[in-house]
Amino acid sequence: MATVSEFRICPTTGLKVHSAAEKLIKANAVVAVVFLAIGGLFGLMVALTRWQAVHLLPADWFYLALTAHGFDVLLAWIIFFEIAVLYFASAILLNCRLAAPKVAWAAFWLMLIGALVANVAVLQGGSSVMFTSYVPMKAAPHFYLGLILFAVGALLGVAVFFGTLVIAKEEKTYEGSLPLVTFGAVTAAIIAVYTIASGAIILIPTFLWSIGLVSHIDTLMYKLVWWGMGHSSQQINVSAHVAVWYAIAALVLGAKPISEKVSRLAFLFYILFLQLASAHHLLAEPGLSAEWKVFNTSYAMYLAVLGSMIHGMTVPGSIEAAQRARGFNNGLFQWLRKAPWGNPAFSGMFLSLVMFGFIGGISGVVLGTEQINVMMHNTLYVPGHFHGTVVAGTTLAFMAITYLLVPLIFRREVMFPKLAKIQPYLFGLGVLGISVFMMGAGTLGVARRHWDMNFADAALTFDYPPAAFLMMALNGLSAVMAATGGLIFIVVVVGSVLFGKKVEGKIDLTGGAAVAKYGSAGTLKIPGTAVLVAVFFTCFVLYYFVNWKYLSELWPLR
Amino acid sequence: MAIQPPESRLWWKEPVAKVELIWVIVAFLWGLVMFFMMIYWHAAGKQNISSEAYRVDPASYQKKAEELAEKYKTGERAGIPIVKPPAGSDIYLIARLWQWWPIFELEKGKAYRLHISSLDWQHGFSLQPVNINLQVHPGYDFVQTITPKDKGEYTIVCNEYCGIGHHQMTGKIMVVD
Ligand code: HEM
Ligand SMILES: [Cu+2]
Ligand SMILES: [Cu+2]
């Protein structure tokens, strides 16, 4: 049993905060941010290399930097932060002690050592295999070992989360059902177990192969299982960042879910229907039947997509309802105009929501359509799409909640408030550019993971259309903007955590979300959200069919 | 609030708001439309990747491709044979570090059974500027029946990272009348 002195009462939320949980959240979040800084720098260098007029790095360094970028941001930054989110959503939100803090620290160190080992392997130069490490291209054994250690650590962290839920239930630290945010975190954690199991099934034999104990790994089987990890881990990200959206809406505006039932059902869809969605990474692959592809992409995917489409309405809907209850009841959009746009937690969250839906979401479904994929597979359209999901969506959402974690968990005031205020816009706009311009270049055929779109050293030369070069220049400029936004985030967060003014007593999280004086509407009416959703749906349908139109003009294939 | 347990302990009995319900139904139906669109295209569309593929041993695949090239060779470019196989026939393309081999000359509007396989690592067949993209595995012979629509010179770019020469790996398909 934890003793009372291990807890403090949060003066702002009234929650009981377990000090071991708090320390672990801090450690994981800090390391996450450090990896974001390193990985983001690699990303900038990659983007500046692909801007043909700049062409920053030589070829070997380009492939090295791209491998490091993929690993450091997609795995290290995101998963360290997710572990922090899991501890927050369990121990903190449930007023509970964290199960087995020692195990949680072991998890932390395993992940950290694993991430460092993998980074060392990559920087040594012999493991520029990209984070997907498709066989039979071989990395140094310690590259795979690093990944495995990292995964084991993450699995332990997830176990601590589940343990904490059990303790909370037994010790009755909360009443009734789990809060929605915690429910979302449970979704993420369940998917994580499946994900890490797939990772183990494929990475352990690959490690043994790299040291010569296994003679052959089938390339197609590798991809099938690898994406069982690679795709599901994206569903962890989605579950986690949707939970973060709900958390921010609640903390900043006191927003309530429109209906608990629908929001929880939408999370459930993620668990039920994502397993086979690894199929949409294999649409251009030999050896898999069309029936298998159609069934698995759509059965599994469109119901998970349905889950996201539901959240895409219920999150802004809950914000609209909260704002209208505060009295912002004029017209369709007063609630939105009067939202706390100067509060980076809110603006980051809302930009994440909008861009995840419009950019990442729509492009993902189109890219994942069995036949349309042939026009996009392995072109820059693919990284364009996922910078819309995992950067504009997940990363921006995580940045946004960090602005609340700094005062709540680190108990420091956010420094440089003016910079913090513009940060989500700068980063968001930059990422918007990265996504859209890479998608544009991909539509023009430009290959991903490719050092030279001039093909200067190739025996048979070729030039992409001039528009493609323009796209890559704009991509480079957007990358500079995104990197500046990222740098500001890191300066603000690291500065605040180290040197920020200590917070005592109650704090105002709303960041100027005023309450209008005149009356409030008790009833639930969210016409503004209905309009937003209708606009989204129209864009979705149009873009979807435009791509079928393009496809119909392609050379016949059967 | 979403960070607290639901206010009503019987939250699953609360009614669902009407806008929410409408959206769930619309989104669900849209999912069905997208599902049936793929099936419809298999019946009515002309662009469907074939799932025809065979396990193949790289050495014997190479032999087949070389025999074909030998038989129908018409010239050479940058040391790579230019091969003009009969319309409608099976043609064998090799992907290897870092080359697409050979160069094919195909007739516009005629269908060919294009086989693609790798002799070493994975590669990405990316036909430009048409923008047809297929994954190439070692040990798998992937067969697509492809019909060139317009004449001209087309480039095969490698779009699966395959090591340090990845960006030098190009090939050609020439389409003639
Ligand atoms: C300053 C911010 C960023 C910039 C400028 C940037 C830019 C890029 C560029 C240009 C590529 C290479 C595309 C290619 O040549 O194939 C890339 C790849 C990638 N990025 Fe980013 N990125 C940024 C942030 C992020 C973040 C935060 C994440 C993840 C959370 C991320 C995940 C990835 C992944 C997974 C790849 C693919 C690597 C691979 O192909 O193996 N990026 N990024
Ligand atoms: Cu290649
Ligand atoms: Cu390649």
# chains A, B, ... in the order shown; residues from 1 in each chain; ligands from 1
>>> closest_atom_pairs(of="chain B", to="chain A", cutoff="7 Å", atoms="only C-alpha atoms", output="JSON lines")
{"residue": "B:Met1", "atom": "CA", "partner": "A:Lys256", "partner_atom": "CA", "distance": 4.3}
{"residue": "B:Ala2", "atom": "CA", "partner": "A:Leu180", "partner_atom": "CA", "distance": 5.0}
{"residue": "B:Ile3", "atom": "CA", "partner": "A:Pro179", "partner_atom": "CA", "distance": 5.3}
{"residue": "B:Gln4", "atom": "CA", "partner": "A:Pro179", "partner_atom": "CA", "distance": 4.6}
{"residue": "B:Pro5", "atom": "CA", "partner": "A:Pro179", "partner_atom": "CA", "distance": 4.0}
{"residue": "B:Pro6", "atom": "CA", "partner": "A:Pro179", "partner_atom": "CA", "distance": 6.2}
{"residue": "B:Arg9", "atom": "CA", "partner": "A:Gly176", "partner_atom": "CA", "distance": 5.7}
{"residue": "B:Trp11", "atom": "CA", "partner": "A:Glu260", "partner_atom": "CA", "distance": 6.4}
{"residue": "B:Trp12", "atom": "CA", "partner": "A:Lys261", "partner_atom": "CA", "distance": 5.4}
{"residue": "B:Val16", "atom": "CA", "partner": "A:Ser259", "partner_atom": "CA", "distance": 6.1}
{"residue": "B:Val24", "atom": "CA", "partner": "A:Ile310", "partner_atom": "CA", "distance": 6.4}
{"residue": "B:Ala27", "atom": "CA", "partner": "A:Leu306", "partner_atom": "CA", "distance": 6.1}
{"residue": "B:Phe28", "atom": "CA", "partner": "A:Leu306", "partner_atom": "CA", "distance": 6.3}
{"residue": "B:Gly31", "atom": "CA", "partner": "A:Tyr302", "partner_atom": "CA", "distance": 5.4}
{"residue": "B:Phe35", "atom": "CA", "partner": "A:Ser298", "partner_atom": "CA", "distance": 5.8}
{"residue": "B:Met38", "atom": "CA", "partner": "A:Glu370", "partner_atom": "CA", "distance": 6.6}
{"residue": "B:Lys46", "atom": "CA", "partner": "A:Pro556", "partner_atom": "CA", "distance": 5.2}
{"residue": "B:Gln47", "atom": "CA", "partner": "A:Leu557", "partner_atom": "CA", "distance": 4.7}
{"residue": "B:Asn48", "atom": "CA", "partner": "A:Arg558", "partner_atom": "CA", "distance": 5.1}
{"residue": "B:Ile49", "atom": "CA", "partner": "A:Arg558", "partner_atom": "CA", "distance": 5.3}
{"residue": "B:Ser50", "atom": "CA", "partner": "A:Arg558", "partner_atom": "CA", "distance": 4.9}
{"residue": "B:Ser51", "atom": "CA", "partner": "A:Ser289", "partner_atom": "CA", "distance": 5.1}
{"residue": "B:Glu52", "atom": "CA", "partner": "A:Gly287", "partner_atom": "CA", "distance": 6.9}
{"residue": "B:Ala53", "atom": "CA", "partner": "A:Gly287", "partner_atom": "CA", "distance": 5.2}
{"residue": "B:Ala78", "atom": "CA", "partner": "A:Ala459", "partner_atom": "CA", "distance": 6.3}
{"residue": "B:Trp121", "atom": "CA", "partner": "A:Pro136", "partner_atom": "CA", "distance": 5.7}
{"residue": "B:Gln128", "atom": "CA", "partner": "A:Gly445", "partner_atom": "CA", "distance": 6.6}
{"residue": "B:Pro129", "atom": "CA", "partner": "A:Gly445", "partner_atom": "CA", "distance": 6.6}
{"residue": "B:Val130", "atom": "CA", "partner": "A:Leu554", "partner_atom": "CA", "distance": 6.9}
{"residue": "B:Asn131", "atom": "CA", "partner": "A:Met375", "partner_atom": "CA", "distance": 5.4}
{"residue": "B:Ile132", "atom": "CA", "partner": "A:Met375", "partner_atom": "CA", "distance": 5.3}
{"residue": "B:Asn133", "atom": "CA", "partner": "A:Val374", "partner_atom": "CA", "distance": 5.1}
{"residue": "B:Leu134", "atom": "CA", "partner": "A:Ala284", "partner_atom": "CA", "distance": 5.0}
{"residue": "B:Gln135", "atom": "CA", "partner": "A:Glu285", "partner_atom": "CA", "distance": 5.2}
{"residue": "B:His137", "atom": "CA", "partner": "A:Thr219", "partner_atom": "CA", "distance": 6.8}
{"residue": "B:Tyr140", "atom": "CA", "partner": "A:Pro286", "partner_atom": "CA", "distance": 6.9}
{"residue": "B:Phe142", "atom": "CA", "partner": "A:Pro286", "partner_atom": "CA", "distance": 5.4}
{"residue": "B:Gln144", "atom": "CA", "partner": "A:Arg558", "partner_atom": "CA", "distance": 5.9}
{"residue": "B:Thr145", "atom": "CA", "partner": "A:Arg558", "partner_atom": "CA", "distance": 5.1}
{"residue": "B:Ile146", "atom": "CA", "partner": "A:Leu557", "partner_atom": "CA", "distance": 4.7}
{"residue": "B:Thr147", "atom": "CA", "partner": "A:Pro556", "partner_atom": "CA", "distance": 5.4}
{"residue": "B:Pro148", "atom": "CA", "partner": "A:Trp555", "partner_atom": "CA", "distance": 5.8}
{"residue": "B:Lys149", "atom": "CA", "partner": "A:Trp555", "partner_atom": "CA", "distance": 5.7}
{"residue": "B:Thr155", "atom": "CA", "partner": "A:Phe462", "partner_atom": "CA", "distance": 6.8}
{"residue": "B:Asn159", "atom": "CA", "partner": "A:Ala447", "partner_atom": "CA", "distance": 5.0}
{"residue": "B:Glu160", "atom": "CA", "partner": "A:Asn378", "partner_atom": "CA", "distance": 6.6}
{"residue": "B:Tyr161", "atom": "CA", "partner": "A:Arg449", "partner_atom": "CA", "distance": 6.1}
{"residue": "B:Ile164", "atom": "CA", "partner": "A:Asp60", "partner_atom": "CA", "distance": 6.4}
{"residue": "B:His167", "atom": "CA", "partner": "A:Asp452", "partner_atom": "CA", "distance": 5.8}
{"residue": "B:Gln168", "atom": "CA", "partner": "A:Ala458", "partner_atom": "CA", "distance": 4.2}
{"residue": "B:Met169", "atom": "CA", "partner": "A:Ala458", "partner_atom": "CA", "distance": 6.5}
{"residue": "B:Thr170", "atom": "CA", "partner": "A:Leu460", "partner_atom": "CA", "distance": 6.0}
{"residue": "B:Gly171", "atom": "CA", "partner": "A:Leu460", "partner_atom": "CA", "distance": 6.5}
>>> residues_near_ligand(ligand="ligand 1", cutoff="6 Å", atoms="only C-alpha atoms and all ligand atoms", output="VMD selection string")
chain A and resid 40 43 to 44 46 to 47 66 to 67 70 73 to 74 130 to 131 383 390 to 391 395 448 to 450 479 482 to 483
>>> write_last_selection(atoms="C-alpha atoms", output="compact mmCIF listing (two decimals), in the first residue's frame")
# COMPACT_ATOMS: atom_id res chain seq x y z
CA GLY A 40 13.47 16.49 -36.23
CA GLY A 43 14.15 15.29 -40.87
CA LEU A 44 15.19 18.82 -41.73
CA VAL A 46 16.57 15.01 -45.28
CA ALA A 47 14.11 17.60 -46.56
CA LEU A 66 16.55 9.07 -43.19
CA THR A 67 16.92 5.85 -41.22
CA GLY A 70 12.28 7.39 -39.06
CA VAL A 73 10.64 10.35 -34.38
CA LEU A 74 8.29 7.53 -35.23
CA MET A 130 15.42 2.48 -43.08
CA PHE A 131 13.36 1.87 -39.97
CA PRO A 383 5.37 10.10 -46.53
CA VAL A 390 1.67 11.15 -37.33
CA VAL A 391 3.11 14.67 -37.39
CA THR A 395 2.92 15.02 -32.81
CA ARG A 448 10.30 8.18 -51.71
CA ARG A 449 13.63 7.42 -49.95
CA HIS A 450 15.50 8.65 -53.00
CA ALA A 479 10.43 21.87 -43.58
CA ALA A 482 8.18 23.14 -39.32
CA ALA A 483 11.67 22.78 -37.91
>>> residues_around(residues="range 109-114 of chain A", least_positions_apart="3", cutoff="7 Å", atoms="only C-alpha atoms", output="NGL selection string")
:A and (105-106 or 117-118 or 146-147 or 149-150 or 153-154)
>>> select_by_dssp(residues="range 9-102 of chain B", states="strand (DSSP E or B)", output="JSON, numbers by chain")
{"B": [47, 53, 54, 55, 73, 74, 75, 76, 77, 80, 81, 82, 83, 90, 91, 92, 93, 94, 95, 96, 99, 100, 101]}
>>> write_last_selection(atoms="N, CA, C and O atoms", output="mmCIF file, in the first residue's frame")
data_model
loop_
_atom_site.group_PDB
_atom_site.id
_atom_site.type_symbol
_atom_site.label_atom_id
_atom_site.label_comp_id
_atom_site.auth_asym_id
_atom_site.auth_seq_id
_atom_site.Cartn_x
_atom_site.Cartn_y
_atom_site.Cartn_z
ATOM 1 N N GLN B 47 -8.043 -1.182 -64.631
ATOM 2 C CA GLN B 47 -6.771 -1.135 -63.920
ATOM 3 C C GLN B 47 -6.879 -1.918 -62.617
ATOM 4 O O GLN B 47 -7.267 -1.370 -61.589
ATOM 5 N N ALA B 53 1.233 -14.724 -59.326
ATOM 6 C CA ALA B 53 2.633 -14.702 -58.909
ATOM 7 C C ALA B 53 3.076 -16.122 -58.647
ATOM 8 O O ALA B 53 2.269 -16.968 -58.281
ATOM 9 N N TYR B 54 4.349 -16.374 -58.879
ATOM 10 C CA TYR B 54 4.892 -17.712 -58.658
ATOM 11 C C TYR B 54 6.155 -17.607 -57.852
ATOM 12 O O TYR B 54 6.906 -16.654 -57.988
ATOM 13 N N ARG B 55 6.387 -18.628 -57.066
ATOM 14 C CA ARG B 55 7.692 -18.740 -56.419
ATOM 15 C C ARG B 55 8.701 -19.104 -57.493
ATOM 16 O O ARG B 55 8.408 -19.940 -58.343
ATOM 17 N N LYS B 73 16.693 -9.714 -79.359
ATOM 18 C CA LYS B 73 17.497 -8.507 -79.221
ATOM 19 C C LYS B 73 17.549 -7.722 -80.540
ATOM 20 O O LYS B 73 17.746 -8.282 -81.606
ATOM 21 N N THR B 74 17.334 -6.391 -80.444
ATOM 22 C CA THR B 74 17.404 -5.567 -81.657
ATOM 23 C C THR B 74 18.514 -4.536 -81.570
ATOM 24 O O THR B 74 18.841 -3.893 -82.559
ATOM 25 N N GLY B 75 19.062 -4.311 -80.388
ATOM 26 C CA GLY B 75 20.101 -3.290 -80.271
ATOM 27 C C GLY B 75 20.605 -3.232 -78.853
ATOM 28 O O GLY B 75 20.400 -4.157 -78.060
ATOM 29 N N GLU B 76 21.254 -2.124 -78.538
ATOM 30 C CA GLU B 76 21.830 -1.987 -77.211
ATOM 31 C C GLU B 76 21.850 -0.518 -76.830
ATOM 32 O O GLU B 76 22.003 0.347 -77.697
ATOM 33 N N ARG B 77 21.685 -0.241 -75.560
ATOM 34 C CA ARG B 77 21.796 1.136 -75.098
ATOM 35 C C ARG B 77 22.453 1.112 -73.726
ATOM 36 O O ARG B 77 22.008 0.381 -72.844
ATOM 37 N N ILE B 80 22.983 -2.131 -72.203
ATOM 38 C CA ILE B 80 21.834 -2.978 -71.886
ATOM 39 C C ILE B 80 21.123 -3.340 -73.193
ATOM 40 O O ILE B 80 20.864 -2.462 -74.016
ATOM 41 N N PRO B 81 20.802 -4.620 -73.408
ATOM 42 C CA PRO B 81 20.151 -4.993 -74.662
ATOM 43 C C PRO B 81 18.752 -4.384 -74.798
ATOM 44 O O PRO B 81 18.034 -4.232 -73.803
ATOM 45 N N ILE B 82 18.409 -4.009 -76.031
ATOM 46 C CA ILE B 82 17.034 -3.598 -76.322
ATOM 47 C C ILE B 82 16.358 -4.810 -76.952
ATOM 48 O O ILE B 82 16.893 -5.439 -77.861
ATOM 49 N N VAL B 83 15.203 -5.157 -76.432
ATOM 50 C CA VAL B 83 14.568 -6.414 -76.804
ATOM 51 C C VAL B 83 13.165 -6.139 -77.308
ATOM 52 O O VAL B 83 12.404 -5.418 -76.661
ATOM 53 N N ASP B 90 4.910 -13.459 -73.215
ATOM 54 C CA ASP B 90 5.433 -13.324 -71.857
ATOM 55 C C ASP B 90 6.805 -12.664 -71.938
ATOM 56 O O ASP B 90 7.673 -13.141 -72.656
ATOM 57 N N ILE B 91 6.992 -11.582 -71.187
ATOM 58 C CA ILE B 91 8.289 -10.919 -71.197
ATOM 59 C C ILE B 91 8.832 -10.844 -69.775
ATOM 60 O O ILE B 91 8.081 -10.692 -68.821
ATOM 61 N N TYR B 92 10.155 -10.994 -69.650
ATOM 62 C CA TYR B 92 10.760 -11.143 -68.318
ATOM 63 C C TYR B 92 11.693 -9.983 -68.012
ATOM 64 O O TYR B 92 12.682 -9.779 -68.693
ATOM 65 N N LEU B 93 11.359 -9.240 -66.955
ATOM 66 C CA LEU B 93 12.171 -8.099 -66.549
ATOM 67 C C LEU B 93 12.923 -8.455 -65.261
ATOM 68 O O LEU B 93 12.332 -8.958 -64.310
ATOM 69 N N ILE B 94 14.213 -8.171 -65.289
ATOM 70 C CA ILE B 94 15.036 -8.443 -64.105
ATOM 71 C C ILE B 94 15.282 -7.143 -63.340
ATOM 72 O O ILE B 94 15.614 -6.120 -63.935
ATOM 73 N N ALA B 95 15.135 -7.207 -62.024
ATOM 74 C CA ALA B 95 15.562 -6.110 -61.161
ATOM 75 C C ALA B 95 16.759 -6.600 -60.379
ATOM 76 O O ALA B 95 16.724 -7.706 -59.824
ATOM 77 N N ARG B 96 17.834 -5.855 -60.387
ATOM 78 C CA ARG B 96 18.988 -6.251 -59.579
ATOM 79 C C ARG B 96 19.785 -4.998 -59.230
ATOM 80 O O ARG B 96 19.567 -3.935 -59.799
ATOM 81 N N GLN B 99 20.035 -2.043 -61.462
ATOM 82 C CA GLN B 99 19.722 -2.046 -62.878
ATOM 83 C C GLN B 99 18.384 -2.740 -63.142
ATOM 84 O O GLN B 99 18.022 -3.687 -62.455
ATOM 85 N N TRP B 100 17.668 -2.213 -64.152
ATOM 86 C CA TRP B 100 16.507 -2.943 -64.693
ATOM 87 C C TRP B 100 16.961 -3.496 -66.029
ATOM 88 O O TRP B 100 17.487 -2.767 -66.873
ATOM 89 N N TRP B 101 16.737 -4.767 -66.254
ATOM 90 C CA TRP B 101 17.320 -5.438 -67.414
ATOM 91 C C TRP B 101 16.311 -6.343 -68.062
ATOM 92 O O TRP B 101 15.651 -7.082 -67.347
#
>>> atom_distance(atom1="CA of Ile156 in chain B", atom2="CA of Val143 in chain B")
16.3 Å
>>> closest_residue(among="B:Ala87, B:Leu97, B:Ala111, B:Val175", to="Gly163 in chain B", atoms="only C-alpha atoms")
B:Leu97
>>> residues_around(residues="Phe427 in chain A", least_positions_apart="4", cutoff="8 Å", atoms="only C-alpha atoms", output="ChimeraX atom specification")
/A:396,423,431,481-486
>>> write_last_selection(atoms="N, CA and C atoms", output="JSON list (two decimals), in the first residue's frame")
[["chain", "number", "residue", "atom", "x", "y", "z"],
["A", 396, "LEU", "N", 1.53, 16.97, -33.15],
["A", 396, "LEU", "CA", 0.98, 18.26, -32.74],
["A", 396, "LEU", "C", 0.09, 18.12, -31.51],
["A", 423, "GLN", "N", 3.71, 28.99, -31.64],
["A", 423, "GLN", "CA", 4.36, 27.72, -31.99],
["A", 423, "GLN", "C", 3.45, 26.74, -32.74],
["A", 431, "VAL", "N", 4.07, 21.72, -41.25],
["A", 431, "VAL", "CA", 3.72, 20.32, -41.49],
["A", 431, "VAL", "C", 2.67, 20.21, -42.60],
["A", 481, "MET", "N", 10.14, 25.79, -41.95],
["A", 481, "MET", "CA", 9.14, 26.37, -41.06],
["A", 481, "MET", "C", 8.76, 25.39, -39.94],
["A", 482, "ALA", "N", 8.53, 24.14, -40.33],
["A", 482, "ALA", "CA", 8.18, 23.14, -39.32],
["A", 482, "ALA", "C", 9.31, 22.97, -38.31],
["A", 483, "ALA", "N", 10.54, 22.96, -38.81],
["A", 483, "ALA", "CA", 11.67, 22.78, -37.91],
["A", 483, "ALA", "C", 11.78, 23.96, -36.95],
["A", 484, "THR", "N", 11.49, 25.18, -37.46],
["A", 484, "THR", "CA", 11.52, 26.34, -36.58],
["A", 484, "THR", "C", 10.45, 26.18, -35.49],
["A", 485, "GLY", "N", 9.27, 25.75, -35.90],
["A", 485, "GLY", "CA", 8.20, 25.51, -34.92],
["A", 485, "GLY", "C", 8.62, 24.45, -33.92],
["A", 486, "GLY", "N", 9.27, 23.40, -34.41],
["A", 486, "GLY", "CA", 9.74, 22.35, -33.52],
["A", 486, "GLY", "C", 10.78, 22.86, -32.54]]
>>> atom_distance(atom1="CA of Ile116 in chain B", atom2="CA of Gly79 in chain B")
20.3 Å
>>> decode(residues="range 503-511 of chain A", atoms="all heavy atoms", output="PDB file, in the first residue's frame")
ATOM      1  N   VAL A 503       5.212  26.797  -9.951  1.00  0.00           N
ATOM      2  CA  VAL A 503       3.778  27.063  -9.833  1.00  0.00           C
ATOM      3  C   VAL A 503       3.329  26.670  -8.436  1.00  0.00           C
ATOM      4  O   VAL A 503       3.599  25.578  -7.970  1.00  0.00           O
ATOM      5  CB  VAL A 503       3.009  26.213 -10.863  1.00  0.00           C
ATOM      6  CG1 VAL A 503       1.520  26.271 -10.582  1.00  0.00           C
ATOM      7  CG2 VAL A 503       3.313  26.672 -12.270  1.00  0.00           C
ATOM      8  N   GLU A 504       2.665  27.583  -7.754  1.00  0.00           N
ATOM      9  CA  GLU A 504       2.057  27.235  -6.467  1.00  0.00           C
ATOM     10  C   GLU A 504       0.566  27.460  -6.601  1.00  0.00           C
ATOM     11  O   GLU A 504       0.125  28.371  -7.277  1.00  0.00           O
ATOM     12  CB  GLU A 504       2.586  28.146  -5.335  1.00  0.00           C
ATOM     13  CG  GLU A 504       4.099  28.250  -5.251  1.00  0.00           C
ATOM     14  CD  GLU A 504       4.745  27.021  -4.619  1.00  0.00           C
ATOM     15  OE1 GLU A 504       4.024  26.195  -4.045  1.00  0.00           O
ATOM     16  OE2 GLU A 504       5.984  26.908  -4.737  1.00  0.00           O
ATOM     17  N   GLY A 505      -0.187  26.604  -5.971  1.00  0.00           N
ATOM     18  CA  GLY A 505      -1.640  26.833  -5.953  1.00  0.00           C
ATOM     19  C   GLY A 505      -2.298  26.570  -7.287  1.00  0.00           C
ATOM     20  O   GLY A 505      -1.746  25.966  -8.184  1.00  0.00           O
ATOM     21  N   LYS A 506      -3.494  27.094  -7.360  1.00  0.00           N
ATOM     22  CA  LYS A 506      -4.358  26.800  -8.505  1.00  0.00           C
ATOM     23  C   LYS A 506      -3.895  27.560  -9.742  1.00  0.00           C
ATOM     24  O   LYS A 506      -3.461  28.693  -9.668  1.00  0.00           O
ATOM     25  CB  LYS A 506      -5.775  27.247  -8.130  1.00  0.00           C
ATOM     26  CG  LYS A 506      -6.876  26.548  -8.870  1.00  0.00           C
ATOM     27  CD  LYS A 506      -8.205  26.883  -8.169  1.00  0.00           C
ATOM     28  CE  LYS A 506      -9.381  26.833  -9.134  1.00  0.00           C
ATOM     29  NZ  LYS A 506      -9.776  25.546  -9.586  1.00  0.00           N
ATOM     30  N   ILE A 507      -3.985  26.897 -10.882  1.00  0.00           N
ATOM     31  CA  ILE A 507      -3.623  27.591 -12.115  1.00  0.00           C
ATOM     32  C   ILE A 507      -4.805  27.644 -13.066  1.00  0.00           C
ATOM     33  O   ILE A 507      -5.732  26.852 -12.983  1.00  0.00           O
ATOM     34  CB  ILE A 507      -2.446  26.895 -12.847  1.00  0.00           C
ATOM     35  CG1 ILE A 507      -2.602  25.390 -12.737  1.00  0.00           C
ATOM     36  CG2 ILE A 507      -1.131  27.390 -12.329  1.00  0.00           C
ATOM     37  CD1 ILE A 507      -1.555  24.638 -13.474  1.00  0.00           C
ATOM     38  N   ASP A 508      -4.705  28.611 -13.976  1.00  0.00           N
ATOM     39  CA  ASP A 508      -5.773  28.772 -14.957  1.00  0.00           C
ATOM     40  C   ASP A 508      -5.344  28.091 -16.258  1.00  0.00           C
ATOM     41  O   ASP A 508      -4.446  28.547 -16.941  1.00  0.00           O
ATOM     42  CB  ASP A 508      -5.999  30.274 -15.181  1.00  0.00           C
ATOM     43  CG  ASP A 508      -6.983  30.496 -16.304  1.00  0.00           C
ATOM     44  OD1 ASP A 508      -7.812  29.597 -16.542  1.00  0.00           O
ATOM     45  OD2 ASP A 508      -6.900  31.569 -16.936  1.00  0.00           O
ATOM     46  N   LEU A 509      -5.984  26.982 -16.566  1.00  0.00           N
ATOM     47  CA  LEU A 509      -5.611  26.244 -17.766  1.00  0.00           C
ATOM     48  C   LEU A 509      -6.284  26.781 -19.006  1.00  0.00           C
ATOM     49  O   LEU A 509      -5.893  26.483 -20.122  1.00  0.00           O
ATOM     50  CB  LEU A 509      -5.996  24.769 -17.627  1.00  0.00           C
ATOM     51  CG  LEU A 509      -5.256  23.963 -16.579  1.00  0.00           C
ATOM     52  CD1 LEU A 509      -5.844  22.563 -16.516  1.00  0.00           C
ATOM     53  CD2 LEU A 509      -3.782  23.895 -16.899  1.00  0.00           C
ATOM     54  N   THR A 510      -7.340  27.557 -18.807  1.00  0.00           N
ATOM     55  CA  THR A 510      -8.143  27.952 -19.955  1.00  0.00           C
ATOM     56  C   THR A 510      -7.384  28.911 -20.847  1.00  0.00           C
ATOM     57  O   THR A 510      -7.693  29.022 -22.023  1.00  0.00           O
ATOM     58  CB  THR A 510      -9.440  28.639 -19.514  1.00  0.00           C
ATOM     59  OG1 THR A 510      -9.078  29.811 -18.796  1.00  0.00           O
ATOM     60  CG2 THR A 510     -10.261  27.722 -18.638  1.00  0.00           C
ATOM     61  N   GLY A 511      -6.372  29.580 -20.287  1.00  0.00           N
ATOM     62  CA  GLY A 511      -5.592  30.494 -21.094  1.00  0.00           C
ATOM     63  C   GLY A 511      -6.469  31.502 -21.791  1.00  0.00           C
ATOM     64  O   GLY A 511      -6.365  31.709 -22.999  1.00  0.00           O
TER      65      GLY A 511
END
